file work-v5.cif (mmCIF, C-alpha atoms)
data_coords
#
loop_
_atom_site.label_atom_id
_atom_site.label_comp_id
_atom_site.auth_asym_id
_atom_site.auth_seq_id
_atom_site.Cartn_x
_atom_site.Cartn_y
_atom_site.Cartn_z
CA MET A 1 102.57 -70.31 -108.36
CA ARG A 2 103.24 -70.72 -104.66
CA VAL A 3 104.45 -74.32 -105.22
CA CYS A 4 106.83 -73.24 -107.95
CA PHE A 5 108.41 -70.51 -105.89
CA LEU A 6 108.87 -72.60 -102.78
CA THR A 7 110.16 -75.56 -104.76
CA LEU A 8 112.80 -73.38 -106.35
CA LEU A 9 113.80 -71.69 -103.16
CA LEU A 10 114.17 -74.90 -101.22
CA LEU A 11 115.93 -76.58 -104.11
CA PHE A 12 118.62 -73.97 -104.17
CA LEU A 13 118.97 -74.10 -100.43
CA CYS A 14 119.34 -77.83 -100.61
CA VAL A 15 121.82 -77.53 -103.44
CA SER A 16 123.80 -75.33 -101.11
CA ASN A 17 123.51 -78.00 -98.51
CA GLY A 18 124.48 -80.61 -101.08
CA MET A 19 127.53 -78.65 -102.18
CA SER A 20 128.43 -78.16 -98.57
CA ALA A 21 128.19 -81.85 -97.86
CA LYS A 22 130.44 -82.47 -100.82
CA SER A 23 132.93 -79.97 -99.38
CA SER A 24 132.64 -81.32 -95.84
CA VAL A 25 130.62 -78.37 -94.53
CA HIS A 26 127.63 -79.41 -92.49
CA VAL A 27 124.79 -76.93 -92.84
CA GLU A 28 122.35 -76.47 -89.97
CA SER A 29 121.13 -73.01 -90.96
CA VAL A 30 121.58 -70.39 -93.64
CA GLN A 31 120.62 -66.74 -93.64
CA ALA A 32 121.29 -63.96 -96.10
CA ASP A 33 120.11 -60.63 -97.41
CA PHE A 34 119.01 -60.42 -101.01
CA VAL A 35 118.19 -57.96 -103.75
CA GLN A 36 115.65 -59.22 -106.25
CA GLU A 37 115.62 -57.84 -109.80
CA LYS A 38 112.56 -58.47 -111.91
CA ASN A 39 113.16 -58.10 -115.65
CA LEU A 40 110.24 -57.97 -118.07
CA PRO A 41 110.23 -56.58 -121.63
CA ILE A 42 107.48 -54.10 -120.76
CA LEU A 43 109.43 -52.60 -117.85
CA ALA A 44 111.41 -49.40 -118.43
CA ARG A 45 113.94 -50.69 -115.90
CA PRO A 46 114.11 -53.76 -113.61
CA LEU A 47 111.85 -53.78 -110.57
CA LEU A 48 113.96 -54.00 -107.46
CA SER A 49 112.90 -55.63 -104.20
CA LYS A 50 114.93 -56.17 -101.04
CA GLY A 51 114.62 -58.77 -98.36
CA LYS A 52 116.16 -61.40 -96.15
CA PHE A 53 115.74 -65.12 -95.74
CA LEU A 54 116.37 -67.51 -92.87
CA PHE A 55 116.52 -71.27 -93.26
CA ARG A 56 117.06 -73.98 -90.69
CA VAL A 57 117.16 -77.70 -91.32
CA PRO A 58 115.16 -79.65 -91.82
CA LYS A 59 112.18 -77.60 -92.93
CA SER A 60 112.02 -74.13 -91.40
CA LEU A 61 111.99 -71.06 -93.61
CA ARG A 62 111.37 -67.35 -93.27
CA TRP A 63 111.35 -65.41 -96.55
CA GLU A 64 110.83 -61.71 -95.96
CA TYR A 65 110.53 -58.68 -98.25
CA PHE A 66 111.14 -55.20 -96.88
CA SER A 67 110.64 -53.14 -100.03
CA PRO A 68 108.85 -52.06 -102.07
CA LEU A 69 106.18 -54.20 -100.45
CA SER A 70 106.51 -55.77 -97.00
CA SER A 71 105.63 -59.43 -96.79
CA VAL A 72 106.66 -62.48 -94.77
CA LEU A 73 106.37 -66.13 -95.74
CA LEU A 74 106.78 -68.60 -92.88
CA MET A 75 107.23 -72.32 -93.26
CA GLU A 76 107.46 -74.68 -90.30
CA ASN A 77 106.27 -78.17 -89.45
CA GLY A 78 104.83 -78.56 -92.93
CA GLN A 79 102.69 -75.44 -92.65
CA ILE A 80 103.03 -72.39 -94.85
CA ARG A 81 101.64 -69.01 -93.92
CA LYS A 82 102.02 -65.78 -95.81
CA PHE A 83 101.48 -62.28 -94.49
CA VAL A 84 101.43 -59.06 -96.46
CA GLU A 85 101.47 -55.55 -95.06
CA TYR A 86 98.22 -53.74 -95.66
CA ASP A 87 97.63 -50.25 -94.27
CA GLY A 88 100.42 -50.63 -91.74
CA GLU A 89 99.42 -54.09 -90.48
CA PHE A 90 100.39 -57.56 -91.58
CA VAL A 91 97.37 -59.49 -92.85
CA GLU A 92 97.44 -63.22 -93.51
CA GLU A 93 96.61 -64.25 -97.05
CA ARG A 94 93.99 -66.94 -97.41
CA GLY A 95 92.82 -69.32 -100.09
CA MET A 96 96.24 -69.74 -101.66
CA GLY A 97 96.27 -73.54 -102.03
CA LEU A 98 98.71 -74.46 -99.29
CA ASN A 99 98.36 -78.25 -99.57
CA ALA A 100 101.03 -78.47 -102.24
CA MET A 101 103.71 -78.41 -99.54
CA GLN A 102 103.95 -82.21 -99.67
CA VAL A 103 105.35 -82.00 -103.20
CA VAL A 104 107.96 -79.48 -102.12
CA LEU A 105 109.19 -81.63 -99.25
CA GLN A 106 109.70 -84.59 -101.56
CA GLU A 107 112.08 -82.42 -103.62
CA ILE A 108 114.02 -81.46 -100.52
CA MET A 109 114.59 -85.06 -99.45
CA THR A 110 116.19 -85.97 -102.77
CA TRP A 111 118.91 -83.32 -102.32
CA LEU A 112 119.88 -83.84 -98.73
CA ASP A 113 122.32 -86.65 -99.44
CA GLY A 114 124.79 -84.11 -100.74
CA GLU A 115 124.97 -84.94 -104.42
CA ILE A 116 123.78 -82.60 -107.14
CA THR A 117 121.66 -84.91 -109.15
CA ASP A 118 118.52 -84.87 -111.16
CA THR A 119 115.24 -84.89 -109.27
CA PRO A 120 111.77 -85.95 -110.41
CA THR A 121 111.10 -82.29 -111.19
CA PHE A 122 114.40 -80.99 -112.58
CA PHE A 123 117.40 -82.09 -114.56
CA ALA A 124 120.56 -80.65 -113.01
CA LYS A 125 123.69 -79.87 -114.94
CA GLN A 126 126.84 -78.25 -113.62
CA THR A 127 128.24 -76.15 -116.46
CA ASP A 128 131.27 -74.80 -114.62
CA LYS A 129 132.77 -74.73 -111.14
CA ASN A 130 130.18 -72.31 -109.82
CA THR A 131 127.17 -72.70 -112.13
CA ILE A 132 124.34 -75.20 -112.05
CA ILE A 133 121.49 -75.15 -114.54
CA LEU A 134 118.18 -76.72 -113.54
CA SER A 135 115.80 -77.60 -116.37
CA PRO A 136 112.20 -78.72 -115.82
CA ARG A 137 111.42 -82.27 -116.78
CA LYS A 138 107.75 -81.76 -117.49
CA ALA A 139 106.27 -79.66 -120.27
CA ALA A 140 103.67 -78.24 -117.90
CA LEU A 141 106.36 -76.68 -115.69
CA THR A 142 108.34 -75.48 -118.73
CA LYS A 143 105.42 -73.20 -119.59
CA ILE A 144 105.99 -71.43 -116.27
CA ILE A 145 109.75 -71.75 -115.80
CA THR A 146 112.12 -72.44 -118.66
CA LYS A 147 115.26 -72.87 -116.55
CA ILE A 148 116.98 -71.87 -113.30
CA GLU A 149 120.57 -70.79 -113.04
CA LEU A 150 122.31 -71.20 -109.70
CA LYS A 151 125.59 -69.38 -109.08
CA LEU A 152 127.46 -70.80 -106.15
CA ALA A 153 129.53 -68.58 -103.91
CA ASP A 154 133.18 -69.31 -103.27
CA GLN A 155 132.32 -70.09 -99.66
CA PRO A 156 130.90 -73.62 -99.51
CA GLY A 157 127.27 -73.68 -98.41
CA LEU A 158 126.38 -70.30 -99.80
CA MET A 159 124.81 -69.12 -103.02
CA GLU A 160 125.80 -66.01 -104.94
CA SER A 161 122.64 -65.70 -107.05
CA VAL A 162 119.61 -67.52 -108.40
CA THR A 163 118.08 -66.57 -111.73
CA ILE A 164 114.67 -67.96 -112.60
CA TYR A 165 113.80 -67.69 -116.28
CA GLU A 166 110.14 -67.52 -117.26
CA GLY A 167 110.96 -66.82 -120.88
CA LYS A 168 113.78 -65.46 -122.99
CA ASP A 169 113.50 -61.89 -121.75
CA SER A 170 111.55 -62.46 -118.57
CA PHE A 171 113.50 -63.45 -115.50
CA THR A 172 113.89 -62.86 -111.79
CA ARG A 173 117.36 -62.66 -110.34
CA MET A 174 118.07 -62.85 -106.63
CA ILE A 175 121.51 -61.68 -105.55
CA PHE A 176 122.56 -62.70 -102.07
CA SER A 177 124.86 -60.95 -99.64
CA ASN A 178 125.89 -61.06 -95.98
CA GLY A 179 125.40 -64.83 -95.95
CA VAL A 180 125.79 -66.55 -92.57
CA LEU A 181 126.20 -70.29 -92.22
CA ASN A 182 125.12 -72.09 -89.08
CA GLY A 183 124.29 -68.92 -87.18
CA LYS A 184 121.92 -69.23 -84.25
CA ILE A 185 118.35 -68.43 -85.31
CA PRO A 186 115.64 -68.27 -82.63
CA ALA A 187 112.83 -70.73 -83.33
CA ALA A 188 110.27 -67.95 -83.01
CA ARG A 189 111.57 -66.36 -86.22
CA PHE A 190 109.92 -69.17 -88.18
CA SER A 191 106.53 -68.90 -86.55
CA THR A 192 105.93 -65.31 -85.57
CA LEU A 193 106.03 -62.00 -87.35
CA MET B 1 43.64 -57.95 -85.46
CA LYS B 2 45.09 -60.45 -87.84
CA PHE B 3 48.68 -59.56 -88.80
CA VAL B 4 49.06 -59.46 -92.55
CA TRP B 5 52.66 -60.55 -93.20
CA GLN B 6 52.70 -61.00 -96.95
CA PRO B 7 52.92 -57.31 -97.91
CA VAL B 8 55.54 -56.78 -95.20
CA LEU B 9 57.66 -59.60 -96.61
CA VAL B 10 57.36 -58.26 -100.16
CA LEU B 11 58.21 -54.75 -98.98
CA PHE B 12 61.23 -56.10 -97.10
CA LEU B 13 62.51 -58.03 -100.14
CA VAL B 14 62.00 -55.06 -102.45
CA SER B 15 63.78 -52.77 -99.97
CA CYS B 16 66.73 -55.19 -99.84
CA SER B 17 67.10 -55.23 -103.63
CA PHE B 18 66.98 -51.41 -103.75
CA THR B 19 69.55 -50.95 -101.03
CA SER B 20 71.93 -53.42 -102.66
CA SER B 21 72.13 -51.45 -105.93
CA VAL B 22 73.07 -47.89 -106.73
CA TYR B 23 71.61 -46.18 -109.73
CA LEU B 24 72.62 -43.30 -111.94
CA PRO B 25 71.91 -40.06 -110.07
CA GLU B 26 70.33 -36.97 -111.51
CA LEU B 27 72.71 -34.32 -112.67
CA ALA B 28 72.12 -30.59 -112.82
CA THR B 29 73.78 -29.97 -116.17
CA GLY B 30 75.92 -26.98 -117.05
CA PRO B 31 79.11 -26.01 -115.23
CA PRO B 32 78.77 -24.05 -112.00
CA VAL B 33 79.32 -20.34 -112.38
CA GLY B 34 83.01 -19.48 -112.28
CA THR B 35 84.18 -23.05 -112.83
CA THR B 36 86.24 -24.05 -115.82
CA GLN B 37 87.06 -27.70 -116.06
CA ASN B 38 88.72 -29.67 -118.80
CA CYS B 39 87.59 -33.13 -117.81
CA ASN B 40 90.03 -35.00 -120.00
CA THR B 41 93.04 -33.45 -118.23
CA LEU B 42 92.09 -35.40 -115.09
CA PHE B 43 93.64 -38.49 -116.67
CA VAL B 44 97.15 -39.52 -117.71
CA GLN B 45 98.51 -37.17 -120.36
CA ASP B 46 101.88 -38.72 -121.17
CA PHE B 47 103.56 -42.08 -121.72
CA ARG B 48 104.51 -43.63 -118.43
CA GLN B 49 104.92 -46.71 -116.28
CA PHE B 50 103.08 -47.34 -113.04
CA VAL B 51 103.84 -49.98 -110.42
CA HIS B 52 101.20 -50.66 -107.79
CA SER B 53 100.67 -53.12 -105.01
CA ILE B 54 97.20 -54.53 -105.56
CA THR B 55 95.24 -56.30 -102.84
CA PHE B 56 92.54 -58.26 -104.54
CA GLU B 57 89.56 -59.58 -102.59
CA THR B 58 86.56 -61.54 -103.86
CA GLU B 59 83.17 -61.99 -102.26
CA ALA B 60 84.06 -65.65 -101.66
CA GLY B 61 86.88 -64.58 -99.35
CA TYR B 62 89.88 -65.11 -101.64
CA LYS B 63 92.43 -62.42 -100.83
CA ALA B 64 95.85 -61.89 -102.31
CA THR B 65 98.35 -59.11 -102.79
CA LEU B 66 100.14 -58.81 -106.08
CA MET B 67 102.31 -56.29 -107.85
CA GLY B 68 100.82 -54.72 -110.92
CA VAL B 69 102.66 -52.99 -113.75
CA ILE B 70 100.85 -50.70 -116.17
CA VAL B 71 102.69 -49.19 -119.13
CA ILE B 72 101.05 -46.54 -121.29
CA ASP B 73 103.18 -46.16 -124.38
CA LYS B 74 102.33 -44.74 -127.81
CA GLY B 75 98.84 -46.16 -128.25
CA MET B 76 99.64 -49.39 -126.41
CA LEU B 77 98.43 -50.34 -122.96
CA LYS B 78 100.51 -53.09 -121.37
CA THR B 79 99.79 -54.76 -118.05
CA ALA B 80 101.39 -57.42 -115.93
CA LEU B 81 100.46 -58.97 -112.60
CA MET B 82 103.09 -60.73 -110.55
CA GLY B 83 103.52 -62.20 -107.13
CA VAL B 84 105.68 -60.43 -104.59
CA GLU B 85 108.29 -63.13 -105.33
CA GLY B 86 108.44 -62.03 -108.96
CA PHE B 87 106.50 -64.73 -110.81
CA VAL B 88 104.47 -63.28 -113.64
CA LEU B 89 100.89 -64.48 -113.34
CA PHE B 90 99.37 -62.41 -116.10
CA GLU B 91 100.76 -60.32 -118.95
CA ALA B 92 98.80 -58.72 -121.76
CA GLU B 93 98.68 -55.74 -124.05
CA GLN B 94 95.96 -53.79 -125.81
CA GLY B 95 96.43 -51.70 -128.93
CA ALA B 96 94.59 -48.63 -130.16
CA ASP B 97 92.19 -50.98 -131.97
CA GLN B 98 91.22 -52.33 -128.51
CA ARG B 99 92.39 -55.83 -129.44
CA ILE B 100 93.85 -57.65 -126.43
CA THR B 101 96.83 -60.00 -126.75
CA VAL B 102 97.46 -62.19 -123.71
CA HIS B 103 101.10 -63.28 -123.44
CA ARG B 104 100.79 -65.19 -120.18
CA ALA B 105 97.90 -66.16 -117.91
CA LEU B 106 98.24 -68.57 -115.01
CA PRO B 107 95.27 -69.70 -112.92
CA PRO B 108 93.09 -68.08 -111.75
CA PHE B 109 93.88 -65.26 -114.22
CA ASP B 110 93.30 -67.50 -117.23
CA LYS B 111 89.53 -67.45 -116.72
CA SER B 112 87.39 -66.34 -119.61
CA GLY B 113 86.67 -62.64 -119.39
CA PHE B 114 89.47 -61.81 -116.96
CA ALA B 115 91.75 -60.12 -119.50
CA ALA B 116 88.95 -57.97 -120.93
CA GLY B 117 87.74 -57.06 -117.44
CA LEU B 118 91.21 -56.09 -116.24
CA MET B 119 91.92 -53.93 -119.28
CA ARG B 120 88.54 -52.27 -118.89
CA ASP B 121 89.32 -51.41 -115.27
CA VAL B 122 92.76 -50.06 -116.20
CA GLN B 123 91.21 -47.94 -118.98
CA THR B 124 88.68 -46.56 -116.49
CA LEU B 125 91.41 -45.57 -114.02
CA PHE B 126 93.83 -43.95 -116.42
CA PHE B 127 91.96 -42.74 -119.51
CA ALA B 128 88.99 -40.54 -120.21
CA PRO B 129 86.21 -42.64 -121.79
CA VAL B 130 86.46 -42.57 -125.59
CA ASN B 131 83.64 -42.19 -128.11
CA SER B 132 81.47 -40.55 -125.47
CA ASP B 133 79.37 -37.40 -125.19
CA LEU B 134 80.60 -35.23 -122.33
CA LEU B 135 78.35 -33.26 -120.01
CA HIS B 136 79.38 -30.96 -117.17
CA GLY B 137 77.15 -30.72 -114.17
CA THR B 138 76.78 -30.92 -110.43
CA ASN B 139 75.38 -33.75 -108.37
CA VAL B 140 72.94 -33.49 -105.44
CA SER B 141 75.88 -32.87 -103.09
CA GLY B 142 76.94 -29.87 -105.19
CA LYS B 143 80.10 -31.54 -106.49
CA VAL B 144 81.21 -30.93 -110.06
CA VAL B 145 80.74 -33.99 -112.24
CA CYS B 146 82.17 -34.80 -115.67
CA ARG B 147 79.62 -37.21 -117.17
CA TYR B 148 80.69 -39.31 -120.13
CA ILE B 149 77.84 -41.04 -121.97
CA LYS B 150 78.53 -43.82 -124.46
CA GLU B 151 76.26 -44.76 -127.33
CA SER B 152 75.65 -48.09 -125.56
CA GLY B 153 74.12 -46.21 -122.65
CA GLU B 154 77.04 -46.82 -120.29
CA VAL B 155 77.78 -43.71 -118.20
CA THR B 156 80.99 -42.75 -116.41
CA ASP B 157 80.79 -40.00 -113.80
CA VAL B 158 84.13 -38.46 -112.85
CA ILE B 159 84.29 -36.17 -109.83
CA PRO B 160 87.40 -33.97 -109.99
CA ASP B 161 89.59 -33.19 -107.02
CA LYS B 162 91.81 -30.11 -106.53
CA CYS B 163 94.38 -32.26 -108.30
CA GLY B 164 93.32 -35.20 -110.49
CA TRP B 165 90.09 -37.09 -109.88
CA GLN B 166 88.47 -37.97 -106.59
CA ARG B 167 85.82 -40.46 -107.61
CA ILE B 168 84.79 -42.42 -110.68
CA ASN B 169 81.45 -44.21 -110.88
CA VAL B 170 80.54 -46.36 -113.87
CA TYR B 171 76.89 -47.23 -114.59
CA ASP B 172 75.74 -49.88 -117.04
CA SER B 173 73.16 -49.35 -119.76
CA GLN B 174 70.40 -50.05 -117.20
CA GLY B 175 71.69 -47.25 -115.04
CA GLN B 176 73.02 -49.59 -112.33
CA ARG B 177 76.40 -48.80 -110.87
CA SER B 178 79.00 -51.44 -111.85
CA ARG B 179 82.18 -49.73 -110.59
CA ALA B 180 82.72 -47.40 -107.63
CA ILE B 181 86.25 -46.02 -107.51
CA VAL B 182 87.73 -43.71 -104.89
CA ALA B 183 91.15 -42.05 -105.02
CA GLU B 184 92.93 -41.12 -101.80
CA LYS B 185 95.97 -38.98 -101.25
CA GLN B 186 97.01 -37.55 -104.58
CA ILE B 187 100.75 -37.16 -105.13
CA ILE B 188 102.50 -34.93 -107.63
CA VAL B 189 105.06 -36.46 -109.97
CA ASP B 190 106.43 -34.66 -113.05
CA ASN B 191 103.96 -31.81 -112.39
CA ALA B 192 101.01 -34.19 -112.68
CA CYS B 193 98.69 -35.61 -110.01
CA PHE B 194 98.30 -39.34 -109.42
CA PRO B 195 96.32 -41.12 -106.73
CA GLU B 196 98.58 -42.71 -104.15
CA LYS B 197 95.77 -45.07 -103.15
CA ILE B 198 92.79 -46.30 -105.13
CA GLU B 199 89.87 -48.42 -103.97
CA LEU B 200 87.83 -50.07 -106.72
CA LEU B 201 84.59 -51.90 -105.97
CA ALA B 202 83.14 -54.03 -108.75
CA SER B 203 79.49 -54.98 -108.39
CA GLY B 204 77.68 -57.88 -109.95
CA ASN B 205 77.70 -61.67 -109.83
CA HIS B 206 81.47 -61.87 -109.61
CA GLY B 207 82.07 -58.80 -107.52
CA TYR B 208 85.49 -57.98 -106.20
CA LYS B 209 87.47 -55.25 -104.48
CA LEU B 210 90.86 -53.87 -105.41
CA ASP B 211 93.00 -51.78 -103.10
CA MET B 212 95.85 -50.27 -105.06
CA LYS B 213 98.84 -48.43 -103.66
CA LEU B 214 101.19 -46.59 -105.98
CA LEU B 215 104.75 -47.82 -105.51
CA SER B 216 106.37 -45.91 -108.37
CA THR B 217 105.64 -44.05 -111.57
CA GLU B 218 108.03 -42.76 -114.21
CA LYS B 219 107.75 -41.05 -117.53
CA LEU B 220 108.85 -43.04 -120.55
#
call {"tool": "encode", "arguments": {"input": "work-v5.cif", "output": "C-alpha cells"}}
result
Amino acid sequence: MRVCFLTLLLLFLCVSNGMSAKSSVHVESVQADFVQEKNLPILARPLLSKGKFLFRVPKSLRWEYFSPLSSVLLMENGQIRKFVEYDGEFVEERGMGLNAMQVVLQEIMTWLDGEITDTPTFFAKQTDKNTIILSPRKAALTKIITKIELKLADQPGLMESVTIYEGKDSFTRMIFSNGVLNGKIPAARFSTL
Amino acid sequence: MKFVWQPVLVLFLVSCSFTSSVYLPELATGPPVGTTQNCNTLFVQDFRQFVHSITFETEAGYKATLMGVIVIDKGMLKTALMGVEGFVLFEAEQGADQRITVHRALPPFDKSGFAAGLMRDVQTLFFAPVNSDLLHGTNVSGKVVCRYIKESGEVTDVIPDKCGWQRINVYDSQGQRSRAIVAEKQIIVDNACFPEKIELLASGNHGYKLDMKLLSTEKL
C-alpha cells in the first residue's frame, strides 16, 4: 500500500516536472495545500481530509495531513518515515515495509527527462490539453488501482488535481491549491516534525 | 537444610499462567434496589455511519494507524479500513444472516479469519449480543453488570456508564476473557451517547490492541 501511494505521488510530481520541462519551466521545488476527498459506495458522503505537501528535487518529500487525523510522511536520502499523532504526540509507525523505496525511485528517474511517456509501471495517455490518464501495466496493480487521472493546472509545473481510482465507484481525489513553484524550503522540513 | 526448588518452580509457573489470564467473575444476580436498566439501549439504536481513527498494535510490535468506517444500515453492517492517504485496505459487509462478503482485502488484512474477527469485534462494540440470555447483577466492585450468556457458553459482561457503556468484557466458553474493552469520554450526538475513545484488548495467540478515536458519526 505504501509503495502504491508513494509511487503515485511522486509520479504526478514528476509529471509536473516533465510538463514544466516541456514548457521551459525548471522545477526545483513544489509545495501546495490539498483537500482530499475519499469516495466509497458505503459512505453517506465523501470523507474529507486536509493537508499540505512539500517536494524538492531530487528526492525530498513531506506529505502532511492536518485533519481529520494528523500525520506526517517524510522522505529524504532514500529513507521514508511516517509519524501519526496519537494522544497529542507524534509516534513513528514501524513495520511498514519501507524497503520498497528503490522501486519508487526508478519510476522517478524515467520521468525527469521532461517527456510524458509510458513507464515500466504505467501507460500514460494525454486525453486533452490538461488531462493525463495513467493505466497500470500489470494485472496485479490493476487489482489495487484501476487508473489515475491527472489534471494539470494552467500554470506550468503545477497540478490541479489527482484522482486515483480503486474501482468504478471507489476513488480518492486530491485537489490542490496555493501552489508555489521553486519557493525556498528549509532542509529541516524534510527530516524533522 | 537442603533447598527444595522443584515445588517453588512449579508454583512460580502456575502463578504466571494464572496472572496472565482473567476469568469470568462471580455475579450477584438481580438488579440493585432502585436501579432500572434496559441493557440493550446501551448500544446503537439507529442507522448511522461512524468514522474512527484506529491505531492497531500487535504483540510482535507491528503498529499502524488507519481510518475505519462502520455503517449500520437496515440489517447490514458494512466496514472499511483505509490508510490515512485514502487507499482502501479492507472492505466487507455482513447481512442479518451473519454471512460476510469481502469486497476488498489487501495484505495483511487478507489473512484467514481476519474478516470474521473484525466483524465480531464491531458487533461487540455496537450491538447487544443476540440469541443470548440476559442477567442483571452487580460485580464484586458493586458495579451494575448486564450479563449476556450465549448457548455456546460465551459470556459478554457490559458495565453501563451514566451514558452508554463503560466496559465490555467477553469470556469464551471456558470462562477465559478474550476481549477487554474500555470506553472513555462519552459524547452526545443526536441525543445518544457514543464513546469518543475505545481501547480494545484481544487476548490469545494472536493478541492485539486497538485504540479507536471517534472522528465523526452521522445518522443515515
call {"tool": "resolve_selection", "arguments": {"input": "work-v5.cif", "expression": "the PyMOL selection byres ((chain B and resi 215) around 7)", "output": "list of chain:residue names"}}
result
A:Pro68, B:Val51, B:His52, B:Ser53, B:Lys213, B:Leu214, B:Ser216
call {"tool": "atom_distance", "arguments": {"input": "work-v5.cif", "atom1": "atom CA of B:Gln98", "atom2": "atom CA of B:Arg120"}}
result
10.0 Å
call {"tool": "closest_residue", "arguments": {"input": "work-v5.cif", "among": "A:Glu93, A:Glu149, A:Glu85, A:Glu166", "to": "A:Asp128", "atoms": "all atoms listed in the file"}}
result
A:Glu149
call {"tool": "interface_residues", "arguments": {"input": "work-v5.cif", "of": "chain A", "to": "chain B", "cutoff": "10 Å", "atoms": "only C-alpha atoms", "output": "MDAnalysis selection string"}}
result
chainID A and resid 1:2 4:6 36:40 42:45 47:49 63:65 67:71 82:87 91:96 143:145 164:166 170:174
call {"tool": "resolve_selection", "arguments": {"input": "work-v5.cif", "expression": "the PyMOL selection byres ((chain B and resi 39) around 9)", "output": "list in words"}}
result
Gln37, Asn38, Asn40, Thr41, Leu42, Phe43, Ala128, Leu134, His136, Val145, Cys146, Arg147, Val158 and Pro160 of chain B
call {"tool": "resolve_selection", "arguments": {"input": "work-v5.cif", "expression": "the PyMOL selection byres ((chain B and resi 24-29) around 7)", "output": "list in words"}}
result
Val22, Tyr23, Gly30, Pro31, Leu135, His136, Gly137, Thr138, Asn139, Tyr171, Gly175, Gln176 and Arg177 of chain B
call {"tool": "closest_residue", "arguments": {"input": "work-v5.cif", "among": "A:Ala140, A:Val35, A:Val57, A:Val27", "to": "A:Phe190", "atoms": "all atoms listed in the file"}}
result
A:Val57
call {"tool": "axis_aligned_box", "arguments": {"input": "work-v5.cif", "around": "stretch 161-178 of chain B", "padding_each_side": "3 Å", "output": "lines of an AutoDock Vina configuration file"}}
result
center_x = 82.4
center_y = -40.8
center_z = -113.1
size_x = 30.0
size_y = 27.3
size_z = 19.2
